>>> print(open('coords_24.cif').read())   # mmCIF, C-alpha atoms
data_run
#
loop_
_atom_site.label_atom_id
_atom_site.label_comp_id
_atom_site.auth_asym_id
_atom_site.auth_seq_id
_atom_site.Cartn_x
_atom_site.Cartn_y
_atom_site.Cartn_z
CA MET A 1 -79.32 -24.54 44.30
CA PRO A 2 -81.93 -22.75 46.52
CA VAL A 3 -83.45 -19.59 45.04
CA ASN A 4 -81.91 -17.28 47.65
CA LYS A 5 -78.48 -18.80 46.94
CA ILE A 6 -78.96 -18.22 43.21
CA GLU A 7 -79.91 -14.59 43.85
CA GLU A 8 -76.92 -14.17 46.15
CA LYS A 9 -74.59 -15.63 43.54
CA LEU A 10 -76.01 -13.43 40.78
CA LYS A 11 -75.62 -10.33 42.96
CA GLU A 12 -72.05 -11.34 43.67
CA ASN A 13 -71.41 -11.71 39.94
CA LEU A 14 -72.98 -8.31 39.28
CA GLU A 15 -70.86 -6.70 41.95
CA ASP A 16 -67.73 -8.33 40.53
CA ALA A 17 -68.62 -7.05 37.07
CA GLU A 18 -69.16 -3.48 38.30
CA PHE A 19 -65.87 -3.46 40.20
CA ALA A 20 -64.05 -4.99 37.22
CA LEU A 21 -65.37 -2.10 35.12
CA LEU A 22 -64.49 0.42 37.81
CA MET A 23 -60.95 -0.89 38.03
CA TYR A 24 -60.72 -0.91 34.24
CA TYR A 25 -61.40 2.85 34.27
CA VAL A 26 -58.83 3.20 37.05
CA ALA A 27 -56.24 1.25 35.03
CA GLN A 28 -56.89 3.38 31.94
CA ALA A 29 -56.54 6.63 33.87
CA GLU A 30 -53.49 5.44 35.76
CA GLY A 31 -52.00 4.10 32.53
CA GLU A 32 -52.21 7.50 30.87
CA ARG A 33 -50.55 9.17 33.83
CA LEU A 34 -47.86 6.50 34.05
CA MET A 35 -47.12 6.62 30.32
CA LEU A 36 -46.47 10.33 30.69
CA GLU A 37 -44.24 9.67 33.70
CA ASN A 38 -42.37 6.99 31.72
CA ALA A 39 -41.79 9.38 28.81
CA GLN A 40 -40.47 12.03 31.21
CA LEU A 41 -38.13 9.55 32.91
CA LYS A 42 -36.77 8.35 29.56
CA HIS A 43 -35.90 11.90 28.58
CA ASP A 44 -34.50 12.82 31.97
CA ASP A 45 -30.71 12.80 31.65
CA SER A 46 -30.31 12.89 35.42
CA PHE A 47 -32.28 9.67 35.83
CA GLY A 48 -30.37 6.53 34.94
CA ILE A 49 -30.70 2.85 35.67
CA PRO A 50 -27.56 1.22 37.09
CA LEU A 51 -25.88 -1.01 34.52
CA GLU A 52 -25.90 -4.02 36.87
CA VAL A 53 -29.69 -3.75 37.29
CA ASP A 54 -30.12 -3.65 33.51
CA ARG A 55 -27.79 -6.63 32.99
CA ALA A 56 -29.46 -8.66 35.72
CA ALA A 57 -32.89 -7.94 34.23
CA LYS A 58 -31.85 -9.07 30.74
CA SER A 59 -30.27 -12.19 32.18
CA THR A 60 -33.49 -12.94 34.11
CA ILE A 61 -35.50 -12.76 30.89
CA ARG A 62 -33.12 -15.10 29.04
CA LYS A 63 -33.02 -17.62 31.88
CA ALA A 64 -36.76 -17.58 32.51
CA PHE A 65 -37.55 -18.35 28.88
CA ALA A 66 -34.87 -21.05 28.67
CA ILE A 67 -36.35 -22.77 31.73
CA ARG A 68 -39.87 -22.38 30.36
CA ASP A 69 -38.81 -23.91 27.03
CA ALA A 70 -37.21 -26.85 28.83
CA LYS A 71 -40.32 -27.43 30.95
CA LYS A 72 -42.62 -27.30 27.90
CA THR A 73 -40.42 -29.75 26.03
CA ALA A 74 -40.41 -32.16 28.95
CA LYS A 75 -44.20 -31.88 29.31
CA GLU A 76 -44.81 -32.55 25.63
CA ILE A 77 -42.58 -35.57 25.68
CA GLY A 78 -44.42 -36.96 28.68
CA SER A 79 -47.75 -36.26 27.04
CA ALA A 80 -46.78 -37.91 23.76
CA LEU A 81 -45.61 -41.03 25.52
CA SER A 82 -48.73 -41.38 27.63
CA LYS A 83 -51.25 -40.80 24.83
CA VAL A 84 -49.91 -42.90 22.03
CA ALA A 85 -49.71 -46.64 21.83
CA VAL A 86 -46.02 -46.89 21.48
CA VAL A 87 -44.57 -48.64 18.49
CA VAL A 88 -41.09 -49.34 19.63
CA LEU A 89 -38.69 -49.54 16.78
CA VAL A 90 -35.24 -50.42 17.93
CA PHE A 91 -34.22 -49.86 14.33
CA ASN A 92 -35.68 -53.19 13.20
CA VAL A 93 -35.33 -56.86 13.96
CA LEU A 94 -33.08 -57.53 11.01
CA PHE A 95 -30.82 -54.65 11.93
CA VAL A 96 -30.50 -55.80 15.53
CA THR A 97 -29.89 -59.38 14.44
CA LEU A 98 -27.14 -58.37 12.06
CA PHE A 99 -25.27 -56.23 14.52
CA SER A 100 -26.02 -57.96 17.80
CA THR A 101 -22.61 -59.57 17.83
CA ALA A 102 -20.95 -56.20 18.39
CA SER A 103 -21.54 -55.68 22.10
CA ALA A 104 -20.72 -51.97 22.18
CA PHE A 105 -22.99 -51.24 19.26
CA ARG A 106 -25.76 -53.39 20.71
CA ALA A 107 -25.63 -51.45 23.97
CA ASN A 108 -25.74 -48.26 22.01
CA VAL A 109 -28.76 -49.29 19.99
CA LEU A 110 -30.68 -50.72 22.92
CA ASN A 111 -30.20 -47.66 25.08
CA PHE A 112 -31.09 -45.23 22.36
CA VAL A 113 -34.67 -46.00 21.38
CA TYR A 114 -36.67 -44.55 18.51
CA GLU A 115 -40.42 -44.50 18.99
CA THR A 116 -42.38 -43.63 15.91
CA PHE A 117 -45.77 -41.97 16.23
CA ASP A 118 -48.01 -40.80 13.44
CA TYR A 119 -46.90 -37.22 13.91
CA ALA A 120 -43.47 -37.43 15.46
CA THR A 121 -40.49 -39.54 16.36
CA ALA A 122 -39.54 -39.79 20.01
CA ILE A 123 -35.94 -40.58 20.78
CA THR A 124 -35.25 -41.84 24.26
CA ILE A 125 -32.17 -42.52 26.29
CA ASN A 126 -33.00 -45.30 28.69
CA GLY A 127 -30.70 -44.20 31.46
CA THR A 128 -30.48 -45.25 35.04
CA ASP A 129 -30.82 -41.78 36.55
CA SER A 130 -27.35 -42.34 37.86
CA ASP A 131 -25.69 -39.76 40.05
CA LYS A 132 -23.06 -38.43 37.75
CA GLU A 133 -20.01 -37.20 39.55
CA ASN A 134 -18.70 -34.97 36.80
CA THR A 135 -20.00 -33.16 33.78
CA ASP A 136 -18.35 -35.37 31.19
CA ARG A 137 -20.34 -34.13 28.25
CA LEU A 138 -20.28 -31.64 25.42
CA SER A 139 -21.06 -28.08 26.33
CA SER A 140 -20.49 -26.10 23.16
CA LEU A 141 -20.37 -26.41 19.40
CA GLY A 142 -16.95 -26.80 17.76
CA TRP A 143 -17.86 -24.81 14.69
CA LEU A 144 -20.38 -22.08 13.98
CA PRO A 145 -21.28 -20.22 10.81
CA GLU A 146 -19.73 -16.76 10.63
CA GLY A 147 -21.36 -14.12 12.82
CA TYR A 148 -22.89 -16.48 15.38
CA GLU A 149 -21.98 -16.29 19.04
CA LEU A 150 -23.27 -17.68 22.31
CA ALA A 151 -26.31 -15.61 23.37
CA SER A 152 -27.58 -17.59 26.35
CA MET A 153 -26.70 -20.66 28.34
CA SER A 154 -28.64 -22.33 31.15
CA ASP A 155 -26.33 -24.95 32.59
CA TRP A 156 -27.66 -27.51 35.09
CA GLY A 157 -24.35 -29.31 35.50
CA THR A 158 -24.74 -33.07 35.16
CA ASP A 159 -28.46 -32.63 34.32
CA GLY A 160 -27.65 -30.94 31.02
CA PHE A 161 -27.90 -27.48 29.51
CA ILE A 162 -29.79 -25.32 27.06
CA SER A 163 -27.80 -22.88 24.94
CA GLU A 164 -28.59 -20.57 22.12
CA TYR A 165 -26.31 -19.01 19.53
CA THR A 166 -27.49 -15.98 17.59
CA ASN A 167 -26.17 -13.65 14.92
CA ALA A 168 -26.67 -9.92 14.41
CA ASP A 169 -29.91 -10.56 12.49
CA GLY A 170 -31.36 -12.43 15.46
CA LEU A 171 -31.20 -15.81 13.71
CA ARG A 172 -30.58 -18.65 16.09
CA ILE A 173 -29.03 -22.06 16.51
CA GLY A 174 -30.14 -24.00 19.59
CA PHE A 175 -27.95 -26.62 21.21
CA SER A 176 -29.20 -28.49 24.27
CA CYS A 177 -28.35 -31.53 26.30
CA PHE A 178 -30.57 -33.53 28.64
CA ALA A 179 -29.55 -36.32 30.99
CA ASP A 180 -30.81 -39.77 31.91
CA SER A 181 -34.14 -41.25 30.86
CA THR A 182 -34.91 -38.32 28.67
CA SER A 183 -37.01 -38.50 25.56
CA MET A 184 -36.95 -35.97 22.74
CA ASN A 185 -40.03 -35.59 20.59
CA VAL A 186 -39.04 -34.59 17.07
CA ASP A 187 -41.59 -33.48 14.51
CA THR A 188 -41.06 -35.83 11.58
CA GLU A 189 -44.55 -35.59 10.13
CA ASP A 190 -44.30 -34.75 6.41
CA ALA A 191 -40.61 -33.99 6.84
CA ASP A 192 -38.48 -33.53 3.71
CA ILE A 193 -35.65 -35.64 5.08
CA VAL A 194 -35.50 -38.08 7.99
CA MET A 195 -32.27 -40.02 8.15
CA ASP A 196 -30.08 -41.85 10.63
CA VAL A 197 -26.76 -40.21 11.28
CA VAL A 198 -23.67 -40.77 13.42
CA ILE A 199 -22.56 -37.69 15.31
CA ASN A 200 -19.38 -37.74 17.37
CA GLY A 201 -19.52 -41.52 17.28
CA CYS A 202 -23.11 -41.64 18.54
CA ASP A 203 -26.26 -42.75 16.72
CA GLY A 204 -28.77 -40.10 15.97
CA ILE A 205 -31.39 -38.81 13.63
CA TYR A 206 -31.35 -35.82 11.26
CA VAL A 207 -34.62 -34.19 10.21
CA LYS A 208 -35.22 -31.45 7.66
CA LYS A 209 -38.66 -29.93 7.31
CA GLY A 210 -38.86 -26.76 5.26
CA LEU A 211 -36.24 -24.37 6.56
CA SER A 212 -36.06 -26.14 9.91
CA GLN A 213 -33.32 -28.65 10.53
CA CYS A 214 -32.53 -30.61 13.64
CA ALA A 215 -30.32 -33.41 14.80
CA VAL A 216 -30.81 -35.50 17.92
CA TRP A 217 -28.28 -37.99 19.13
CA GLY A 218 -27.64 -39.96 22.26
CA GLU A 219 -24.36 -40.46 24.06
CA GLU A 220 -24.71 -43.94 25.44
CA SER A 221 -21.67 -43.92 27.73
CA ASN A 222 -23.06 -41.08 29.87
CA ASN A 223 -26.75 -41.29 29.01
CA TYR A 224 -26.96 -37.85 27.51
CA ILE A 225 -29.26 -36.84 24.70
CA TYR A 226 -28.25 -33.86 22.54
CA PHE A 227 -30.50 -31.67 20.46
CA LEU A 228 -29.35 -29.26 17.78
CA ASP A 229 -31.93 -27.18 15.93
CA THR A 230 -32.10 -24.18 13.68
CA ASP A 231 -34.05 -22.73 10.82
CA ALA A 232 -31.36 -20.25 9.99
CA VAL A 233 -28.50 -22.12 8.29
CA SER A 234 -27.97 -24.01 5.04
CA GLU A 235 -27.80 -27.79 4.89
CA SER A 236 -24.06 -27.68 4.24
CA ASP A 237 -23.47 -25.40 7.25
CA PHE A 238 -25.61 -27.70 9.38
CA GLN A 239 -23.53 -30.64 8.16
CA THR A 240 -20.32 -28.78 9.09
CA ILE A 241 -21.71 -28.04 12.56
CA ILE A 242 -22.46 -31.69 13.25
CA ASP A 243 -19.17 -32.82 11.68
CA ASN A 244 -17.38 -30.63 14.23
CA VAL A 245 -19.25 -31.82 17.28
CA GLU A 246 -16.67 -33.41 19.57
CA MET B 1 -38.90 -28.55 15.14
CA ILE B 2 -39.89 -29.36 18.73
CA LYS B 3 -43.66 -29.65 18.77
CA HIS B 4 -44.51 -26.75 21.08
CA ASN B 5 -44.98 -23.49 19.26
CA LYS B 6 -41.46 -22.16 19.29
CA ALA B 7 -42.38 -19.16 17.15
CA LEU B 8 -44.92 -18.12 19.80
CA ASP B 9 -42.33 -18.57 22.53
CA GLU B 10 -39.85 -16.47 20.59
CA ASN B 11 -42.49 -13.76 20.12
CA GLU B 12 -43.21 -13.75 23.83
CA LYS B 13 -39.52 -13.51 24.65
CA ALA B 14 -39.11 -10.65 22.17
CA PHE B 15 -42.20 -8.98 23.69
CA VAL B 16 -40.73 -9.10 27.21
CA GLU B 17 -37.36 -7.82 25.96
CA ILE B 18 -39.07 -4.88 24.24
CA LEU B 19 -41.18 -4.33 27.34
CA TRP B 20 -38.06 -4.08 29.47
CA ASP B 21 -36.46 -1.61 27.05
CA GLU B 22 -39.61 0.50 27.00
CA TYR B 23 -40.54 0.43 30.69
CA ARG B 24 -37.30 -0.10 32.59
CA ALA B 25 -37.19 3.55 33.71
CA LEU B 26 -40.73 3.37 35.08
CA MET B 27 -40.12 -0.03 36.69
CA TYR B 28 -36.92 1.19 38.32
CA SER B 29 -38.55 4.40 39.48
CA THR B 30 -41.49 2.47 40.97
CA ALA B 31 -39.18 0.12 42.86
CA LEU B 32 -37.17 3.13 44.02
CA LYS B 33 -40.23 4.39 45.89
CA TYR B 34 -40.04 1.35 48.16
CA SER B 35 -36.30 0.89 48.55
CA GLN B 36 -33.16 2.92 48.05
CA ASP B 37 -30.92 -0.13 48.17
CA ASN B 38 -29.75 -1.08 44.68
CA HIS B 39 -29.42 -4.76 45.55
CA GLN B 40 -33.00 -4.83 46.83
CA ILE B 41 -34.20 -2.95 43.75
CA GLN B 42 -32.37 -5.43 41.53
CA ASP B 43 -34.14 -8.31 43.32
CA ILE B 44 -37.51 -6.57 43.08
CA ILE B 45 -37.08 -5.98 39.35
CA GLN B 46 -35.93 -9.55 38.72
CA ASN B 47 -38.92 -10.92 40.67
CA SER B 48 -41.22 -8.55 38.81
CA LEU B 49 -39.88 -9.70 35.45
CA GLU B 50 -40.47 -13.33 36.42
CA LYS B 51 -44.10 -12.45 37.22
CA ILE B 52 -44.41 -10.52 33.96
CA ILE B 53 -43.14 -13.56 32.05
CA LYS B 54 -45.70 -15.79 33.80
CA LYS B 55 -48.45 -13.38 32.74
CA VAL B 56 -47.06 -12.61 29.29
CA SER B 57 -50.04 -14.06 27.41
CA VAL B 58 -52.33 -11.65 29.32
CA LEU B 59 -50.01 -8.67 28.87
CA ILE B 60 -49.73 -9.15 25.11
CA SER B 61 -53.50 -8.68 24.78
CA LEU B 62 -53.65 -5.40 26.74
CA ASP B 63 -53.80 -1.93 25.26
CA ARG B 64 -50.98 0.45 26.07
CA CYS B 65 -52.67 2.21 29.00
CA ALA B 66 -53.69 -1.03 30.69
CA LEU B 67 -50.28 -2.55 29.98
CA THR B 68 -48.46 0.36 31.62
CA SER B 69 -50.76 0.15 34.64
CA TYR B 70 -50.31 -3.59 34.89
CA ILE B 71 -46.52 -3.40 34.83
CA VAL B 72 -46.46 -0.81 37.59
CA LEU B 73 -48.93 -2.90 39.62
CA ILE B 74 -46.63 -5.89 39.34
CA VAL B 75 -43.59 -3.89 40.46
CA ARG B 76 -45.56 -2.27 43.29
CA SER B 77 -46.96 -5.54 44.60
CA THR B 78 -43.57 -7.23 44.26
CA SER B 79 -41.93 -4.38 46.17
CA LEU B 80 -44.42 -4.62 49.01
CA ASN B 81 -44.06 -8.38 49.11
CA TYR B 82 -40.28 -8.11 49.06
CA LEU B 83 -40.25 -5.61 51.92
CA LYS B 84 -42.56 -7.81 53.93
CA ARG B 85 -40.28 -10.81 53.42
CA ALA B 86 -37.35 -8.64 54.42
CA GLY B 87 -39.15 -7.97 57.71
CA ILE B 88 -40.19 -4.42 56.88
CA GLU B 89 -43.86 -4.11 57.82
CA LEU B 90 -46.04 -1.52 56.12
CA ARG B 91 -49.51 -0.58 57.29
CA LEU B 92 -51.43 -1.48 54.17
CA PHE B 93 -54.94 -1.52 55.56
CA ILE B 94 -56.73 1.19 57.46
CA GLU B 95 -58.32 -1.31 59.84
CA ASP B 96 -54.84 -2.42 60.91
CA CYS B 97 -54.60 0.83 62.85
CA ASP B 98 -58.29 1.72 63.13
CA SER B 99 -60.86 -0.87 64.09
CA ILE B 100 -64.06 1.05 63.40
CA MET B 101 -64.78 -0.71 60.09
CA ASP B 102 -68.01 -2.59 59.76
CA ASN B 103 -67.64 -6.29 59.26
CA VAL B 104 -70.65 -6.56 57.02
CA PRO B 105 -70.12 -5.05 53.59
CA ASP B 106 -72.77 -2.56 52.53
CA GLN B 107 -74.19 -3.50 49.14
CA SER B 108 -76.89 -0.85 49.01
CA THR B 109 -75.40 1.01 46.07
CA SER B 110 -76.49 -0.28 42.69
CA ALA B 111 -74.03 -0.97 39.91
CA GLU B 112 -75.34 1.99 37.89
CA ASN B 113 -74.90 4.39 40.83
CA LEU B 114 -71.40 3.19 41.57
CA LEU B 115 -70.19 3.91 38.06
CA ILE B 116 -71.96 7.24 37.50
CA GLY B 117 -69.31 9.85 36.78
CA ILE B 118 -66.38 7.50 37.38
CA GLU B 119 -65.16 7.92 33.80
CA THR B 120 -63.94 11.39 34.73
CA SER B 121 -60.30 11.40 35.72
CA ALA B 122 -61.06 13.67 38.70
CA SER B 123 -63.28 10.97 40.24
CA ILE B 124 -60.65 8.34 39.67
CA GLN B 125 -57.90 10.47 41.14
CA ASN B 126 -60.10 11.17 44.15
CA LEU B 127 -60.74 7.47 44.59
CA LEU B 128 -57.06 6.59 44.30
CA THR B 129 -56.02 9.32 46.70
CA GLN B 130 -58.49 8.30 49.36
CA LEU B 131 -58.07 4.55 49.19
CA SER B 132 -55.39 3.06 51.41
CA LEU B 133 -52.43 1.31 49.77
CA GLY B 134 -53.83 -2.04 50.89
CA ASP B 135 -57.30 -1.37 49.51
CA ARG B 136 -55.83 -0.35 46.16
CA LEU B 137 -53.60 -3.38 46.15
CA VAL B 138 -56.41 -5.80 46.85
CA LEU B 139 -58.82 -4.19 44.33
CA GLU B 140 -56.22 -3.86 41.59
CA GLY B 141 -54.91 -7.34 42.30
CA LYS B 142 -58.39 -8.88 42.11
CA TYR B 143 -59.90 -6.96 39.21
CA THR B 144 -57.02 -5.62 37.11
CA MET B 145 -54.45 -8.36 37.55
CA GLU B 146 -57.10 -11.08 38.02
CA LEU B 147 -55.06 -12.76 40.73
CA SER B 148 -56.31 -15.80 42.62
CA ASP B 149 -57.10 -15.56 46.33
CA GLY B 150 -53.80 -17.30 47.06
CA GLU B 151 -51.82 -14.80 44.99
CA LEU B 152 -53.70 -11.90 46.58
CA ALA B 153 -52.97 -13.26 50.04
CA ASP B 154 -49.31 -13.51 49.11
CA ILE B 155 -48.88 -9.98 47.79
CA CYS B 156 -50.93 -8.42 50.60
CA GLY B 157 -49.18 -10.44 53.27
CA ILE B 158 -52.44 -11.80 54.70
CA SER B 159 -53.90 -15.27 55.10
CA LYS B 160 -55.90 -16.76 52.24
CA ASN B 161 -58.96 -16.97 54.51
CA SER B 162 -59.02 -13.23 55.09
CA VAL B 163 -58.83 -12.27 51.40
CA ARG B 164 -62.61 -12.17 50.95
CA MET B 165 -63.08 -9.95 53.99
CA ARG B 166 -60.30 -7.59 52.90
CA LEU B 167 -61.86 -7.42 49.47
CA SER B 168 -65.35 -6.71 50.87
CA ARG B 169 -63.98 -3.94 53.05
CA ALA B 170 -62.00 -2.42 50.20
CA LYS B 171 -65.10 -2.46 48.00
CA LYS B 172 -67.18 -0.83 50.73
CA ARG B 173 -64.62 1.93 51.17
CA ALA B 174 -64.42 2.51 47.41
CA ARG B 175 -68.21 2.75 47.32
CA ASP B 176 -68.26 5.17 50.26
CA ILE B 177 -65.71 7.42 48.55
CA LEU B 178 -67.64 7.47 45.29
CA GLU B 179 -70.97 8.03 47.08
CA SER B 180 -69.63 10.93 49.13
CA GLU B 181 -68.30 12.44 45.92
CA ASP B 182 -71.74 12.17 44.33
CA PHE B 183 -73.16 13.82 47.44
CA ASP B 184 -70.59 16.65 47.18
CA HIS B 185 -71.47 17.18 43.53
CA ALA B 186 -75.16 17.25 44.39
CA CYS B 187 -74.58 19.91 47.08
CA LYS B 188 -72.64 22.14 44.65
#
>>> encode(input="coords_24.cif", output="structure tokens")
Amino acid sequence: MPVNKIEEKLKENLEDAEFALLMYYVAQAEGERLMLENAQLKHDDSFGIPLEVDRAAKSTIRKAFAIRDAKKTAKEIGSALSKVAVVVLVFNVLFVTLFSTASAFRANVLNFVYETFDYATAITINGTDSDKENTDRLSSLGWLPEGYELASMSDWGTDGFISEYTNADGLRIGFSCFADSTSMNVDTEDADIVMDVVINGCDGIYVKKGLSQCAVWGEESNNYIYFLDTDAVSESDFQTIIDNVE
Amino acid sequence: MIKHNKALDENEKAFVEILWDEYRALMYSTALKYSQDNHQIQDIIQNSLEKIIKKVSVLISLDRCALTSYIVLIVRSTSLNYLKRAGIELRLFIEDCDSIMDNVPDQSTSAENLLIGIETSASIQNLLTQLSLGDRLVLEGKYTMELSDGELADICGISKNSVRMRLSRAKKRARDILESEDFDHACK
């Protein structure tokens, strides 16, 4: 870079630094004034926020975080699949050989693929990205421990949903569904329990790691993958939840 | 159990929920300065919250004064942007109605001179009073909110190519205001 360009760039940096500092002082001064204004508004009985504005704002927060969670999950799954040399484990050869005579079960197994990495297990539904005409899938849990109720639900119709149930203590149970060619990356590294389960007639996996428990299962007929997770309920309650999924 | 840090996400969600509880009066009152229509205000607040959520990792690190300023800046810029999209034009920049501004920014003032005395709230209030809405928006957007040129162009309703010029002009005017204040002090 020519010397005059370097000098120009350094001057520009210096100017940016001085204005950043100037605007920092402005923000501090404005912040003090605005904090005072906020306190006055909060204690002003004649100033109220319409209920619909408050409700819409809270709903925006819930939805925005649900969408962000879904995007992060999808990104991680994509990242895991691209980085790791995939060891595809369609259960195992013996298992497939033994049960390959049952066509329905074979289809189920072959569409619902476990991929085991050193730090996680990815579970994939190999769908066809079909255009589903109706939402023929689960949308809620059949049983919940006492005190839990639906706190948020982002429903994308045939593309799935993300829902969250919470109790008065803020403890949560998450229940989500994703459609077609979706992969779910489950942390099985050093897990206490990793076991195959059948939920609502579908093959799945149950994982317990510390207080966290999750179950992931795939619905072969519609190419949906379901994810249930919580760190707030006992093993027996979790078992009852999955026993009542239908 | 999903690999991304769910605890961090939950903290951020809780942070935004607390933020809304704490600042909803101020956010509503700020939006009210730009529109009296409740539906418009609702939209402005929803859009502002979406921007707050995008910047949540920055907001969490701010002290209370800076945080309060930042939230109001977001609502203000969202309001202006919303009005512009609704076809309501505001004269944000002095040169939009007065073309006497120099095109070449004056950089004669040193950094030390610019900041002398600015810590006093009177100087800051003077600066804020004298700067146009557009100049404030572009300076606060660039240096307080650390927006990109594209984001600045969007909130100011100008093209991305003219952001640098707007910024240079705003800086020149800020400098002029602070210099004239120094001159006034010197005369007294």
>>> atom_distance(input="coords_24.cif", atom1="atom CA of B:Asp149", atom2="atom CA of B:Arg166")
10.8 Å
>>> closest_residue(input="coords_24.cif", among="A:Tyr206, A:Tyr224, A:Trp143, A:Phe47", to="chain B", atoms="all atoms listed in the file")
A:Phe47
>>> axis_aligned_box(input="coords_24.cif", around="stretch 165-168 of chain A", padding_each_side="5 Å", output="AutoDock Vina command-line options")
--center_x -26.8 --center_y -14.5 --center_z 17.0 --size_x 11.3 --size_y 19.1 --size_z 15.1
>>> resolve_selection(input="coords_24.cif", expression="the PyMOL selection byres ((chain A and resi 211-221) around 7)", output="number ranges by chain")
A: 108, 111-112, 125, 199, 202-210, 222-231; B: 1
>>> write_last_selection(input="coords_24.cif", atoms="C-alpha atoms", output="mmCIF file, keeping the file's coordinate frame")
data_model
loop_
_atom_site.group_PDB
_atom_site.id
_atom_site.type_symbol
_atom_site.label_atom_id
_atom_site.label_comp_id
_atom_site.auth_asym_id
_atom_site.auth_seq_id
_atom_site.Cartn_x
_atom_site.Cartn_y
_atom_site.Cartn_z
ATOM 1 C CA ASN A 108 -25.740 -48.260 22.010
ATOM 2 C CA ASN A 111 -30.200 -47.660 25.080
ATOM 3 C CA PHE A 112 -31.090 -45.230 22.360
ATOM 4 C CA ILE A 125 -32.170 -42.520 26.290
ATOM 5 C CA ILE A 199 -22.560 -37.690 15.310
ATOM 6 C CA CYS A 202 -23.110 -41.640 18.540
ATOM 7 C CA ASP A 203 -26.260 -42.750 16.720
ATOM 8 C CA GLY A 204 -28.770 -40.100 15.970
ATOM 9 C CA ILE A 205 -31.390 -38.810 13.630
ATOM 10 C CA TYR A 206 -31.350 -35.820 11.260
ATOM 11 C CA VAL A 207 -34.620 -34.190 10.210
ATOM 12 C CA LYS A 208 -35.220 -31.450 7.660
ATOM 13 C CA LYS A 209 -38.660 -29.930 7.310
ATOM 14 C CA GLY A 210 -38.860 -26.760 5.260
ATOM 15 C CA ASN A 222 -23.060 -41.080 29.870
ATOM 16 C CA ASN A 223 -26.750 -41.290 29.010
ATOM 17 C CA TYR A 224 -26.960 -37.850 27.510
ATOM 18 C CA ILE A 225 -29.260 -36.840 24.700
ATOM 19 C CA TYR A 226 -28.250 -33.860 22.540
ATOM 20 C CA PHE A 227 -30.500 -31.670 20.460
ATOM 21 C CA LEU A 228 -29.350 -29.260 17.780
ATOM 22 C CA ASP A 229 -31.930 -27.180 15.930
ATOM 23 C CA THR A 230 -32.100 -24.180 13.680
ATOM 24 C CA ASP A 231 -34.050 -22.730 10.820
ATOM 25 C CA MET B 1 -38.900 -28.550 15.140
#
>>> residues_around(input="coords_24.cif", residues="B:Asn81", least_positions_apart="6", cutoff="9 Å", atoms="only C-alpha atoms", output="MDAnalysis selection string")
chainID B and resid 154:157
>>> closest_atom_pairs(input="coords_24.cif", of="chain A", to="chain B", cutoff="8 Å", atoms="all atoms listed in the file", output="CSV")
residue,atom,partner,partner_atom,distance
A:Leu14,CA,B:Ala111,CA,7.4
A:Glu15,CA,B:Ala111,CA,6.9
A:Glu18,CA,B:Ala111,CA,5.7
A:Phe19,CA,B:Tyr143,CA,7.0
A:Ala20,CA,B:Tyr143,CA,5.0
A:Leu22,CA,B:Leu115,CA,6.7
A:Met23,CA,B:Thr144,CA,6.2
A:Tyr24,CA,B:Thr144,CA,6.6
A:Tyr25,CA,B:Glu119,CA,6.3
A:Val26,CA,B:Ile124,CA,6.0
A:Ala27,CA,B:Ala66,CA,5.5
A:Gln28,CA,B:Cys65,CA,5.3
A:Ala29,CA,B:Ser121,CA,6.3
A:Glu30,CA,B:Ser69,CA,6.1
A:Gly31,CA,B:Cys65,CA,4.1
A:Glu32,CA,B:Cys65,CA,5.6
A:Leu34,CA,B:Thr68,CA,6.6
A:Met35,CA,B:Thr68,CA,6.5
A:Glu37,CA,B:Leu26,CA,7.3
A:Asn38,CA,B:Leu26,CA,5.2
A:Leu41,CA,B:Ala25,CA,6.1
A:Lys42,CA,B:Ala25,CA,6.4
A:Gly48,CA,B:Ala25,CA,7.5
A:Ile49,CA,B:Ala25,CA,6.8
A:Val53,CA,B:Gln42,CA,5.3
A:Ala56,CA,B:Gln46,CA,7.2
A:Ala57,CA,B:Gln46,CA,5.7
A:Lys58,CA,B:Glu17,CA,7.4
A:Thr60,CA,B:Gln46,CA,6.2
A:Ile61,CA,B:Leu49,CA,7.0
A:Arg62,CA,B:Lys13,CA,7.9
A:Ala64,CA,B:Glu50,CA,6.9
A:Phe65,CA,B:Lys13,CA,6.7
A:Asp69,CA,B:Asp9,CA,7.8
A:Lys72,CA,B:His4,CA,7.1
A:Thr73,CA,B:His4,CA,7.1
A:Glu76,CA,B:His4,CA,7.4
A:Asn185,CA,B:Ile2,CA,6.5
A:Val186,CA,B:Ile2,CA,5.6
A:Asp187,CA,B:Met1,CA,5.7
A:Lys209,CA,B:Met1,CA,8.0
A:Ser212,CA,B:Met1,CA,6.4
A:Gln213,CA,B:Met1,CA,7.2
A:Cys214,CA,B:Met1,CA,6.9
A:Asp229,CA,B:Met1,CA,7.1
>>> residues_around(input="coords_24.cif", residues="A:Phe161", least_positions_apart="6", cutoff="9 Å", atoms="all atoms listed in the file", output="ChimeraX atom specification")
/A:139,153-155,175-178
>>> atom_distance(input="coords_24.cif", atom1="atom CA of B:Ile158", atom2="atom CA of B:Ser35")
21.4 Å
>>> closest_residue(input="coords_24.cif", among="A:Asp190, A:Asp243, A:Asp169, A:Glu8", to="A:Gly147", atoms="all atoms listed in the file")
A:Asp169
>>> atom_distance(input="coords_24.cif", atom1="atom CA of A:Pro50", atom2="atom CA of B:Asp37")
11.7 Å
